[in-house]
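K.L.:
Here you go, this is start.tsv (TSV, C-alpha atoms).
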```tsv
chain	number	residue	atom	x	y	z
A	147	MET	CA	34.63	-91.82	-77.87
A	148	MET	CA	37.18	-94.45	-76.82
A	149	LEU	CA	36.31	-98.06	-77.70
A	150	ASN	CA	37.76	-100.91	-75.63
A	151	CYS	CA	38.58	-103.87	-77.83
A	152	LEU	CA	39.53	-107.52	-77.41
A	153	ILE	CA	41.35	-109.83	-79.83
A	154	ILE	CA	40.65	-113.58	-79.78
A	155	ASP	CA	42.75	-115.65	-82.20
A	156	ASP	CA	44.77	-118.83	-81.75
A	157	GLU	CA	47.49	-117.65	-84.19
A	158	PRO	CA	50.16	-115.45	-82.50
A	159	LEU	CA	51.14	-113.72	-85.75
A	160	ALA	CA	47.50	-112.95	-86.57
A	161	ARG	CA	47.02	-111.43	-83.11
A	162	LYS	CA	50.14	-109.28	-83.52
A	163	HIS	CA	48.88	-108.11	-86.91
A	164	ILE	CA	45.56	-106.89	-85.46
A	165	GLU	CA	47.29	-105.46	-82.37
A	166	ASN	CA	49.42	-103.32	-84.66
A	167	TYR	CA	46.35	-102.04	-86.50
A	168	VAL	CA	44.57	-101.29	-83.20
A	169	SER	CA	47.54	-99.18	-82.08
A	170	ARG	CA	47.17	-97.04	-85.22
A	171	VAL	CA	43.57	-96.03	-84.49
A	172	PRO	CA	43.42	-93.25	-81.83
A	173	TYR	CA	39.99	-94.19	-80.46
A	174	LEU	CA	40.75	-97.91	-79.98
A	175	LYS	CA	42.11	-99.21	-76.67
A	176	LEU	CA	43.28	-102.82	-76.46
A	177	VAL	CA	42.20	-104.45	-73.19
A	178	GLY	CA	43.18	-107.99	-74.11
A	179	SER	CA	44.67	-110.24	-76.79
A	180	VAL	CA	44.16	-113.96	-76.16
A	181	ARG	CA	44.50	-117.31	-77.93
A	182	ASN	CA	41.12	-118.90	-77.13
A	183	PRO	CA	37.47	-118.01	-76.38
A	184	MET	CA	37.64	-119.18	-72.76
A	185	ALA	CA	40.37	-116.65	-71.98
A	186	GLY	CA	38.33	-114.07	-73.86
A	187	LYS	CA	35.27	-114.80	-71.71
A	188	THR	CA	37.34	-114.16	-68.57
A	189	ILE	CA	38.26	-110.71	-69.87
A	190	LEU	CA	34.64	-109.97	-70.83
A	191	ASN	CA	33.59	-110.79	-67.28
A	192	ASN	CA	36.10	-108.34	-65.79
A	193	GLU	CA	36.68	-105.57	-68.30
A	194	PRO	CA	34.41	-103.23	-70.26
A	195	VAL	CA	34.67	-104.33	-73.90
A	196	ASP	CA	32.94	-102.65	-76.83
A	197	LEU	CA	34.44	-104.44	-79.81
A	198	ILE	CA	35.79	-107.97	-80.35
A	199	PHE	CA	38.09	-109.06	-83.18
A	200	LEU	CA	37.29	-112.75	-83.37
A	201	ASP	CA	38.88	-115.59	-85.32
A	202	ILE	CA	36.43	-118.26	-86.47
A	203	LYS	CA	38.38	-121.50	-86.76
A	204	MET	CA	40.04	-122.28	-83.41
A	205	PRO	CA	40.84	-125.68	-81.82
A	206	GLN	CA	38.75	-125.64	-78.63
A	207	MET	CA	35.76	-123.62	-79.80
A	208	THR	CA	34.91	-121.80	-83.00
A	209	GLY	CA	34.30	-118.08	-82.92
A	210	LEU	CA	30.73	-118.65	-84.11
A	211	ASP	CA	30.03	-121.07	-81.25
A	212	PHE	CA	31.56	-118.55	-78.84
A	213	ILE	CA	29.08	-115.90	-79.97
A	214	ARG	CA	26.14	-118.30	-79.66
A	215	ASP	CA	27.09	-120.10	-76.45
A	216	TYR	CA	28.04	-117.02	-74.46
A	217	SER	CA	25.34	-114.69	-75.85
A	218	VAL	CA	27.95	-112.15	-76.93
A	219	PHE	CA	26.28	-108.76	-77.34
A	220	GLN	CA	29.33	-106.60	-78.11
A	221	GLN	CA	30.13	-105.57	-81.67
A	222	VAL	CA	32.07	-108.42	-83.31
A	223	ILE	CA	34.36	-108.23	-86.32
A	224	LEU	CA	35.13	-111.73	-87.58
A	225	VAL	CA	38.67	-112.26	-88.86
A	226	THR	CA	39.31	-115.49	-90.79
A	227	ALA	CA	41.12	-117.17	-93.66
A	228	PHE	CA	38.07	-119.25	-94.57
A	229	PRO	CA	35.51	-117.52	-96.84
A	230	GLU	CA	33.03	-120.41	-96.48
A	231	TYR	CA	32.11	-119.09	-93.02
A	232	ALA	CA	30.85	-115.75	-94.36
A	233	ILE	CA	27.17	-116.72	-94.43
A	234	GLU	CA	27.31	-118.06	-90.86
A	235	GLY	CA	28.93	-114.78	-89.85
A	236	PHE	CA	25.86	-112.91	-91.02
A	237	ASP	CA	23.62	-115.41	-89.23
A	238	VAL	CA	25.16	-114.44	-85.87
A	239	GLU	CA	24.81	-110.74	-86.78
A	240	ALA	CA	28.53	-109.99	-86.83
A	241	THR	CA	29.37	-106.35	-87.47
A	242	ASP	CA	31.75	-107.18	-90.31
A	243	TYR	CA	33.78	-110.02	-91.83
A	244	LEU	CA	37.50	-109.62	-92.63
A	245	MET	CA	39.53	-112.03	-94.74
A	246	LYS	CA	43.16	-112.75	-93.80
A	247	PRO	CA	45.56	-111.25	-94.64
A	248	VAL	CA	43.75	-108.09	-93.56
A	249	THR	CA	44.78	-104.73	-94.98
A	250	PHE	CA	44.71	-101.68	-92.75
A	251	GLU	CA	42.25	-99.94	-95.07
A	252	ARG	CA	39.76	-102.79	-94.81
A	253	PHE	CA	40.36	-103.05	-91.05
A	254	PHE	CA	39.67	-99.36	-90.55
A	255	LYS	CA	36.47	-99.52	-92.61
A	256	ALA	CA	35.17	-102.33	-90.37
A	257	VAL	CA	36.14	-100.45	-87.22
A	258	GLU	CA	34.36	-97.31	-88.42
A	259	LYS	CA	31.24	-99.38	-89.04
A	260	ALA	CA	31.38	-100.76	-85.48
A	261	ARG	CA	32.00	-97.28	-84.09
A	262	ALA	CA	28.93	-95.92	-85.89
A	263	MET	CA	26.78	-98.72	-84.50
A	264	ILE	CA	27.97	-98.11	-80.95
A	265	ALA	CA	28.06	-94.33	-80.94
A	266	GLY	CA	25.16	-93.85	-83.40
A	267	PRO	CA	21.88	-92.36	-82.26
A	268	GLU	CA	21.03	-92.45	-78.56
A	269	THR	CA	20.23	-95.94	-77.31
A	270	MET	CA	17.44	-94.97	-74.94
A	271	ARG	CA	14.88	-92.21	-75.09
A	272	THR	CA	11.38	-91.26	-74.05
A	273	ILE	CA	8.73	-89.58	-76.18
A	274	LYS	CA	6.77	-86.80	-74.49
A	275	GLN	CA	3.58	-87.74	-76.31
A	276	GLN	CA	3.85	-91.30	-74.98
A	277	PRO	CA	5.11	-91.07	-71.39
A	278	ASP	CA	4.30	-94.70	-70.60
A	279	PHE	CA	6.82	-96.06	-73.07
A	280	LEU	CA	10.58	-96.23	-73.37
A	281	TYR	CA	12.28	-96.58	-76.73
A	282	ILE	CA	15.49	-98.60	-76.71
A	283	LYS	CA	17.93	-99.29	-79.51
A	284	HIS	CA	18.10	-103.08	-79.60
A	285	ASN	CA	19.51	-105.19	-82.48
A	286	GLN	CA	20.14	-102.00	-84.48
A	287	ARG	CA	16.54	-100.78	-84.34
A	288	TYR	CA	14.33	-98.95	-81.87
A	289	GLU	CA	11.88	-101.06	-79.90
A	290	LYS	CA	8.95	-99.79	-77.89
A	291	LEU	CA	9.13	-100.98	-74.29
A	292	LEU	CA	6.29	-100.51	-71.81
A	293	ILE	CA	7.74	-98.91	-68.67
A	294	ALA	CA	5.25	-100.79	-66.49
A	295	ASP	CA	6.81	-104.06	-67.66
A	296	ILE	CA	10.31	-103.20	-66.38
A	297	LEU	CA	11.28	-105.11	-63.23
A	298	PHE	CA	14.82	-103.85	-62.69
A	299	ILE	CA	17.94	-102.73	-64.53
A	300	GLU	CA	21.42	-104.10	-64.00
A	301	SER	CA	24.63	-102.29	-64.94
A	302	MET	CA	27.34	-104.25	-66.78
A	303	LEU	CA	30.25	-101.83	-67.15
A	304	ASN	CA	29.44	-100.02	-70.44
A	305	TYR	CA	26.14	-101.86	-70.92
A	306	ILE	CA	22.91	-102.43	-69.04
A	307	ASN	CA	20.48	-105.33	-68.83
A	308	ILE	CA	16.82	-104.34	-68.70
A	309	TYR	CA	14.77	-107.14	-67.13
A	310	THR	CA	11.07	-107.20	-67.96
A	311	GLU	CA	8.07	-109.44	-67.42
A	312	THR	CA	8.88	-111.31	-70.64
A	313	GLY	CA	12.66	-111.21	-71.06
A	314	LYS	CA	15.92	-109.28	-71.00
A	315	TYR	CA	17.31	-106.51	-73.21
A	316	THR	CA	21.03	-105.75	-73.30
A	317	ILE	CA	21.88	-102.31	-74.66
A	318	TYR	CA	24.81	-99.94	-74.79
A	319	ALA	CA	23.95	-97.36	-72.12
A	320	SER	CA	24.74	-96.38	-68.54
A	321	LEU	CA	22.65	-96.88	-65.44
A	322	LYS	CA	22.65	-93.11	-65.03
A	323	SER	CA	21.09	-92.56	-68.46
A	324	ALA	CA	18.48	-95.21	-67.69
A	325	GLY	CA	17.55	-93.45	-64.46
A	326	GLU	CA	17.21	-90.13	-66.29
A	327	ALA	CA	14.86	-91.68	-68.85
A	328	LEU	CA	12.54	-93.32	-66.29
A	329	PRO	CA	9.94	-91.74	-63.94
A	330	LYS	CA	11.71	-90.64	-60.74
A	331	ASP	CA	8.72	-91.59	-58.56
A	332	LYS	CA	8.56	-95.15	-59.89
A	333	PHE	CA	12.20	-96.25	-60.00
A	334	ILE	CA	14.95	-96.06	-57.40
A	335	ARG	CA	18.67	-96.81	-57.26
A	336	VAL	CA	19.25	-99.51	-54.63
A	337	HIS	CA	22.87	-100.32	-55.42
A	338	LYS	CA	25.63	-98.86	-57.58
A	339	SER	CA	24.75	-101.48	-60.21
A	340	TYR	CA	20.95	-101.75	-59.84
A	341	LEU	CA	17.87	-99.65	-60.48
A	342	VAL	CA	14.49	-101.19	-59.55
A	343	SER	CA	10.80	-100.56	-60.08
A	344	LEU	CA	9.23	-99.78	-56.72
A	345	SER	CA	5.92	-101.41	-57.60
A	346	LYS	CA	7.59	-104.71	-58.52
A	347	ILE	CA	9.34	-105.26	-55.16
A	348	ASP	CA	8.05	-108.25	-53.20
A	349	THR	CA	10.28	-108.21	-50.10
A	350	ILE	CA	13.15	-106.22	-48.64
A	351	GLY	CA	15.77	-107.99	-46.55
A	352	LEU	CA	18.93	-106.90	-44.75
A	353	HIS	CA	21.11	-106.90	-47.83
A	354	ARG	CA	18.83	-107.65	-50.76
A	355	LEU	CA	15.32	-107.40	-52.12
A	356	THR	CA	13.32	-109.82	-54.21
A	357	ILE	CA	11.35	-109.21	-57.38
A	358	GLY	CA	9.63	-112.42	-58.37
A	359	LYS	CA	12.37	-115.07	-58.54
A	360	SER	CA	15.17	-112.49	-58.85
A	361	LYS	CA	17.30	-111.31	-55.94
A	362	VAL	CA	18.76	-107.80	-56.17
A	363	PRO	CA	21.48	-106.54	-53.79
A	364	VAL	CA	20.72	-103.47	-51.68
A	365	SER	CA	23.61	-101.35	-50.44
A	366	ARG	CA	23.61	-100.02	-46.89
A	367	GLY	CA	23.66	-96.43	-48.13
A	368	ASN	CA	20.55	-96.91	-50.27
A	369	LYS	CA	18.39	-98.99	-47.92
A	370	ASP	CA	16.82	-96.18	-45.84
A	371	GLU	CA	15.92	-94.23	-48.97
A	372	LEU	CA	14.45	-97.39	-50.51
A	373	ILE	CA	12.18	-98.11	-47.55
A	374	LYS	CA	11.08	-94.48	-47.34
A	375	ALA	CA	10.25	-94.37	-51.06
A	376	ALA	CA	8.32	-97.63	-50.84
A	377	LEU	CA	6.24	-96.39	-47.93
A	378	ASN	CA	5.56	-93.05	-49.63
A	379	ALA	CA	4.39	-94.94	-52.69
A	380	GLY	CA	1.92	-96.85	-50.52
A	381	ILE	CA	3.47	-100.21	-51.33
A	382	SER	CA	2.79	-103.00	-48.89
A	383	LEU	CA	6.06	-104.81	-48.26
A	384	GLY	CA	7.02	-108.01	-46.46
A	385	PHE	CA	10.46	-108.03	-44.83
A	386	ASN	CA	12.57	-111.17	-45.06
```
Spit out the file's structure as structure tokens when you get a sec.
P.N.:
Amino acid sequence: MMLNCLIIDDEPLARKHIENYVSRVPYLKLVGSVRNPMAGKTILNNEPVDLIFLDIKMPQMTGLDFIRDYSVFQQVILVTAFPEYAIEGFDVEATDYLMKPVTFERFFKAVEKARAMIAGPETMRTIKQQPDFLYIKHNQRYEKLLIADILFIESMLNYINIYTETGKYTIYASLKSAGEALPKDKFIRVHKSYLVSLSKIDTIGLHRLTIGKSKVPVSRGNKDELIKAALNAGISLGFN
């Protein structure tokens, strides 16, 4: 399993040090190495990233604030020269905490820990004895999610967002695996990046549908199938 990784550190030599270590691990692929969190956020918005090597003390924004402010959900290995930040690192649920100068042995141990968390047991599954529930691996534990509460699912490269009546869950999974785990007669793919619950749809327009206050894009190739499925399900729809 190849892991895409990103380095965020304001020190050029520190970045080069971690870049060298990344190149020595066969299953790591470097997709970016930047000097500040803002540049890192740009990469996260455009590239699939599984693992972030993040400095803590940086001029414009600390690594800890970056995790909090941008709701970072990827595995994060903190890399710093300041041991006093260790406790805060645990508070933001960082995968591991490396002290500079970092040895390759310690680096590899942290990477293996992140790899186990990402690859670990399946992140989504159904239990035959309880067909109305979905079990998702969220915050390193399985949570029981009522399928009837799911509004729609959004793909985010290597991750998906599951939107429910009460909130959002971000997990490491594909939209395809989500579709395979959910009832085929209750959920439908309406776009390459969206899967929706038929019973939650309020209106269908030319290029999008609405579910409550959310607007979900509908691709031209999926629209006819969507309308047919909604009618077959006996759902009364208003067209906007």
K.L.:
Quick one, how far is atom CA of Thr241 of chain A from atom CA of Glu300 of chain A?
P.N.:
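About the pair atom CA of Thr241 of chain A and atom CA of Glu300 of chain A: they are 24.9 Å apart.
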K.L.:
For Lys203 of chain A, which residue among A:Leu176, A:Ile154, A:Ala375, A:Ile164 is the nearest when counting all atoms listed in the file?
P.N.:
A:Ile154
K.L.:
Calculated over all atoms listed in the file, which of the candidates A:Asp278, A:Glu311, A:Asp201, A:Glu289 has the smallest distance to Val225 of chain A?
P.N.:
A:Asp201
K.L.:
Of the residues A:Ala319, A:Ile308, A:Ala324, A:Leu197, which is the one nearest to Glu258 of chain A, using all atoms listed in the file?
P.N.:
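Among A:Ala319, A:Ile308, A:Ala324, A:Leu197, it is A:Leu197 that comes nearest to Glu258 of chain A.
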K.L.:
Which is closest to Ala379 of chain A among A:Arg170, A:His353, A:Lys330, A:Lys359, if we use all atoms listed in the file?
P.N.:
A:Lys330
K.L.:
To one decimal place in Å, what is the distance between atom CA of Leu328 of chain A and atom CA of Lys361 of chain A?
P.N.:
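Distance between the two atoms: 21.3 Å.
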K.L.:
For a test of reading the model, state the distance in Å between atom CA of Gly178 of chain A and atom CA of Leu152 of chain A, rounded to one decimal.
P.N.:
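Value for the atom CA of Gly178 of chain A-atom CA of Leu152 of chain A distance: 4.9 Å.
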K.L.:
Just the residues within 9 Å of Val238 of chain A, please, counting all atoms listed in the file, with nothing from its chain fewer than 6 positions along; format it as a PyMOL selection string.
P.N.:
chain A and resi 210+213-214
K.L.:
Of the candidates A:Thr188, A:Ser179, A:Ser301, A:Thr226, which one gets nearest to Ile202 of chain A if we count all atoms listed in the file?
P.N.:
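Of A:Thr188, A:Ser179, A:Ser301, A:Thr226, the one nearest Ile202 of chain A is A:Thr226, counting all atoms listed in the file.
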K.L.:
A:Pro205, A:Gly351, A:Pro329, A:Gly380: which is nearest Val364 of chain A, counting all atoms listed in the file?
P.N.:
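Checking each of A:Pro205, A:Gly351, A:Pro329, A:Gly380 against Val364 of chain A, counting all atoms listed in the file, the winner is A:Gly351.
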K.L.:
How big is the axis-aligned box, and where does its centre sit, when it encloses all atoms of segment 260-264 of chain A listed in the file and has 4 Å added on every side, reported in Å to one decimal as JSON?
P.N.:
```
{"center_x": 29.4, "center_y": -98.3, "center_z": -83.4, "size_x": 13.2, "size_y": 12.8, "size_z": 12.9}
```
K.L.:
Can you tell me, as number ranges by chain, what residues are no more than 12 Å from Val248 of chain A when counting only C-alpha atoms, ignoring any on the same chain fewer than 5 positions away?
P.N.:
A: 160-164, 166-167, 199, 223-227, 243, 253-256
K.L.:
Quick one: everything within 12 Å of Ala185 of chain A, counting all atoms listed in the file, minus sequence neighbours fewer than 5 positions away in the same chain. Send it as a ChimeraX atom specification.
P.N.:
/A:152-156,178-180,190-192,206-207,212
K.L.:
So which residues fall inside 8 Å of (12.0, -106.8, -69.8) if we count all atoms listed in the file? Mind giving them as JSON, numbers by chain?
P.N.:
{"A": [291, 295, 296, 297, 308, 309, 310, 311, 312, 313, 314, 315]}
K.L.:
Near Phe298 of chain A, counting only C-alpha atoms, which residues have an atom at most 12 Å away, once you skip same-chain residues fewer than 4 positions from it, shown as an mmCIF file with C-alpha atoms, in the frame of the given file?
P.N.:
```
data_model
loop_
_atom_site.group_PDB
_atom_site.id
_atom_site.type_symbol
_atom_site.label_atom_id
_atom_site.label_comp_id
_atom_site.auth_asym_id
_atom_site.auth_seq_id
_atom_site.Cartn_x
_atom_site.Cartn_y
_atom_site.Cartn_z
ATOM 1 C CA ILE A 293 7.740 -98.910 -68.670
ATOM 2 C CA ALA A 294 5.250 -100.790 -66.490
ATOM 3 C CA ILE A 306 22.910 -102.430 -69.040
ATOM 4 C CA ASN A 307 20.480 -105.330 -68.830
ATOM 5 C CA ILE A 308 16.820 -104.340 -68.700
ATOM 6 C CA TYR A 309 14.770 -107.140 -67.130
ATOM 7 C CA THR A 310 11.070 -107.200 -67.960
ATOM 8 C CA GLU A 311 8.070 -109.440 -67.420
ATOM 9 C CA GLY A 313 12.660 -111.210 -71.060
ATOM 10 C CA LYS A 314 15.920 -109.280 -71.000
ATOM 11 C CA TYR A 315 17.310 -106.510 -73.210
ATOM 12 C CA LEU A 321 22.650 -96.880 -65.440
ATOM 13 C CA ALA A 324 18.480 -95.210 -67.690
ATOM 14 C CA GLY A 325 17.550 -93.450 -64.460
ATOM 15 C CA LEU A 328 12.540 -93.320 -66.290
ATOM 16 C CA LYS A 332 8.560 -95.150 -59.890
ATOM 17 C CA PHE A 333 12.200 -96.250 -60.000
ATOM 18 C CA ILE A 334 14.950 -96.060 -57.400
ATOM 19 C CA ARG A 335 18.670 -96.810 -57.260
ATOM 20 C CA VAL A 336 19.250 -99.510 -54.630
ATOM 21 C CA HIS A 337 22.870 -100.320 -55.420
ATOM 22 C CA SER A 339 24.750 -101.480 -60.210
ATOM 23 C CA TYR A 340 20.950 -101.750 -59.840
ATOM 24 C CA LEU A 341 17.870 -99.650 -60.480
ATOM 25 C CA VAL A 342 14.490 -101.190 -59.550
ATOM 26 C CA SER A 343 10.800 -100.560 -60.080
ATOM 27 C CA LEU A 344 9.230 -99.780 -56.720
ATOM 28 C CA SER A 345 5.920 -101.410 -57.600
ATOM 29 C CA LYS A 346 7.590 -104.710 -58.520
ATOM 30 C CA ILE A 347 9.340 -105.260 -55.160
ATOM 31 C CA LEU A 355 15.320 -107.400 -52.120
ATOM 32 C CA THR A 356 13.320 -109.820 -54.210
ATOM 33 C CA ILE A 357 11.350 -109.210 -57.380
ATOM 34 C CA GLY A 358 9.630 -112.420 -58.370
ATOM 35 C CA SER A 360 15.170 -112.490 -58.850
ATOM 36 C CA LYS A 361 17.300 -111.310 -55.940
ATOM 37 C CA VAL A 362 18.760 -107.800 -56.170
ATOM 38 C CA PRO A 363 21.480 -106.540 -53.790
#
```
